[in-house]
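> This is the structure, below, for whatever I ask next.
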Amino acid sequence: MDLSVKYLGLNLAHPLMPGASPFVDDLDRVKRLEDAGASAIVMHSLFEEQISGEEVATARATETHANSSGEASSYLPDPPDFRLGPDEYLEQLRKLKQTVRVPVVASLNGTTRGGWLRFAKLMQEAGADALELNVYDLATDFETRGDAVEERMVSLVQAVKKDVTIPVAVKLSPFYSSLANVARRLEEAGADGLVLFNRFYQPDINVEELEVERALQLSTSSELPLRLRWLAILSGRVRPSLAVTGGVHTPVDVIKSVMAGAHAVQLVSALLQRGPEYLRVLRAELARFLEEHEYESLEQMRGSMDLLACPDPKAYERANYMHMLQSWRF
């Protein structure tokens, strides 16, 4: 069965790949992912704060000499809680390219037009086959308008596209007043792909200790419908490739994602829970479904349930909302 897809202009054997995760920090785990059949490897993000923090620390170290000791082991402060700093990230990217044969997608996370943007080009020079731009921006300033947040994101994409020749995907949040318009503007800015959607790890409150706590909650299949809706709305109506991430756990989740229009299916929580070898199970079940339902290829199935092709397009729109509100029976 032909499961091949084209994502970000890359020819892939199938749509299944690990999403941004700590898997890439260990070369043995990455090799296990490739051996299990991963069609590509997506690195976790290098954050703007990591780059700017290291640059500030370096400047302080080189510009401050008074009362310093020639035997000091380091002028740099203790590093923040990141496994890979900027230089280590680029070195790990080089190692990944030497270790695996599948494409490697690097990732940048930032919100301003600072010097960190040059790392997009450095990632390309280190061998990245594509770049995922994670533009998570939590606007807590009451004076920041929604259109300003969107314009900043579009401007960042334009700046990155000017500096690199490799494909650039944008990992989006679902929280925009008009996501369809944002997608169109990113297309016009040159984005080669859209990744739906970023998962936000919300803080919790410890009422006894009076502390704000960070809590890691893995995804479940219940998060997938939001992504399916927007995949289906965008499929066939924008040029960039579409990837789904968040909420894909079962073979049926994979099938739904492809039917809604996904070119790529990224998994993290499912692989953390079941191990890299679960990719092999998902791929086999996807092929079995296609054969049983007499599809000639995965491409034939892709988008078959998007807004343009499905029998009831209103189910993706406002009509579904009105119907569901009236569907409960006491």
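Residues are referred to by chain and number: the chain letter is A, B, ... according to the order shown in the structure tokens, the number counts from 1 in that chain, and ligands are numbered separately from 1 in the order shown.
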Mind checking which residues fall within 6 Å of segment 245-262 of chain A, counting only C-alpha atoms, ignoring those fewer than 5 positions away in the same chain, and posting them as a list in words?
Leu196, Phe197, Ser219, Thr220, Ser221, Glu223, Leu224, Leu228, Leu231, Ala232, Ser235, Ala270, Leu282, Met301, Arg302, Gly303, Ser304, Met305 and Asp306 of chain A
> Create the file for the chosen residues now, containing N, CA and C atoms and written as a compact mmCIF listing (two decimals), in the first residue's frame.

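This is the output file out-v5.txt:
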```
# COMPACT_ATOMS: atom_id res chain seq x y z
N LEU A 196 -1.05 22.27 13.46
CA LEU A 196 -2.24 22.51 14.28
C LEU A 196 -2.35 21.45 15.37
N PHE A 197 -2.29 21.79 16.62
CA PHE A 197 -2.03 23.07 17.23
C PHE A 197 -1.01 22.88 18.34
N SER A 219 -1.43 14.57 26.42
CA SER A 219 -2.67 14.74 25.68
C SER A 219 -3.50 13.46 25.71
N THR A 220 -4.77 13.58 25.33
CA THR A 220 -5.64 12.44 25.11
C THR A 220 -6.36 12.64 23.77
N SER A 221 -7.02 11.61 23.32
CA SER A 221 -7.74 11.70 22.04
C SER A 221 -8.86 12.74 22.09
N GLU A 223 -8.63 15.71 22.70
CA GLU A 223 -8.15 16.99 22.17
C GLU A 223 -8.14 17.04 20.65
N LEU A 224 -8.35 15.91 20.02
CA LEU A 224 -8.22 15.85 18.56
C LEU A 224 -9.31 16.59 17.80
N LEU A 228 -9.16 18.47 14.14
CA LEU A 228 -9.85 17.95 12.96
C LEU A 228 -10.69 19.03 12.30
N LEU A 231 -8.29 21.45 10.49
CA LEU A 231 -7.70 20.77 9.34
C LEU A 231 -8.69 20.73 8.20
N ALA A 232 -9.93 20.35 8.51
CA ALA A 232 -10.96 20.22 7.48
C ALA A 232 -11.30 21.56 6.84
N SER A 235 -8.02 22.55 4.70
CA SER A 235 -7.61 21.60 3.66
C SER A 235 -8.16 21.98 2.29
N ALA A 270 1.61 9.88 22.89
CA ALA A 270 1.43 8.45 22.62
C ALA A 270 2.76 7.71 22.62
N LEU A 282 1.02 1.82 14.45
CA LEU A 282 0.14 2.79 13.79
C LEU A 282 0.26 2.71 12.27
N MET A 301 -7.21 9.01 0.11
CA MET A 301 -8.05 9.21 1.30
C MET A 301 -7.88 10.60 1.89
N ARG A 302 -6.69 11.19 1.72
CA ARG A 302 -6.40 12.46 2.38
C ARG A 302 -7.36 13.55 1.92
N GLY A 303 -7.99 14.22 2.88
CA GLY A 303 -8.92 15.30 2.58
C GLY A 303 -10.30 14.86 2.17
N SER A 304 -10.57 13.56 2.24
CA SER A 304 -11.87 13.05 1.79
C SER A 304 -13.01 13.48 2.70
N MET A 305 -12.67 13.96 3.92
CA MET A 305 -13.69 14.44 4.84
C MET A 305 -13.43 15.89 5.24
N ASP A 306 -12.79 16.65 4.34
CA ASP A 306 -12.60 18.06 4.65
C ASP A 306 -13.84 18.85 4.28
```
> Residues of segment 103-204 of chain A that approach segment 23-39 of chain A to 12 Å or less, counting only C-alpha atoms: could you list each one with the shortest pair of atoms and its distance in Å to one decimal, rows by chain and increasing residue number, as a Markdown table?

```
| residue | atom | partner | partner_atom | distance |
| --- | --- | --- | --- | --- |
| A:Pro103 | CA | A:Ser39 | CA | 7.5 |
| A:Val104 | CA | A:Ser39 | CA | 9.5 |
| A:Val105 | CA | A:Val24 | CA | 10.8 |
| A:Ala106 | CA | A:Val24 | CA | 10.3 |
| A:Ser107 | CA | A:Val24 | CA | 11.6 |
```
> If you run DSSP on the backbone here, which positions in segment 240-271 of chain A get helix (DSSP H, G or I)? Please write them as a PyMOL selection string.
chain A and resi 251-260+269-271
> With C-alpha atoms retained, could you export that selection as a compact mmCIF listing (two decimals), in the first residue's frame?

```txt
# COMPACT_ATOMS: atom_id res chain seq x y z
CA PRO A 251 -4.98 4.22 14.59
CA VAL A 252 -8.45 5.75 14.21
CA ASP A 253 -7.05 9.13 15.32
CA VAL A 254 -4.47 8.89 12.53
CA ILE A 255 -7.12 7.95 9.95
CA LYS A 256 -9.38 10.83 11.01
CA SER A 257 -6.49 13.29 10.76
CA VAL A 258 -5.62 12.22 7.22
CA MET A 259 -9.28 12.27 6.16
CA ALA A 260 -9.55 15.83 7.51
CA SER A 269 2.27 11.78 24.26
CA ALA A 270 1.43 8.45 22.62
CA LEU A 271 5.13 7.71 22.05
```
> Rank nothing, just name the residue among A:Arg184, A:Leu298, A:Lys171, A:Val268 nearest to Gln217 of chain A, using only C-alpha atoms.
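So, comparing all the options, the nearest one is A:Val268.
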> Please indicate the distance in Å from atom CA of Gln300 of chain A to atom CA of His263 of chain A, rounded to one decimal place.
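Distance reported for this atom pair: 11.9 Å.
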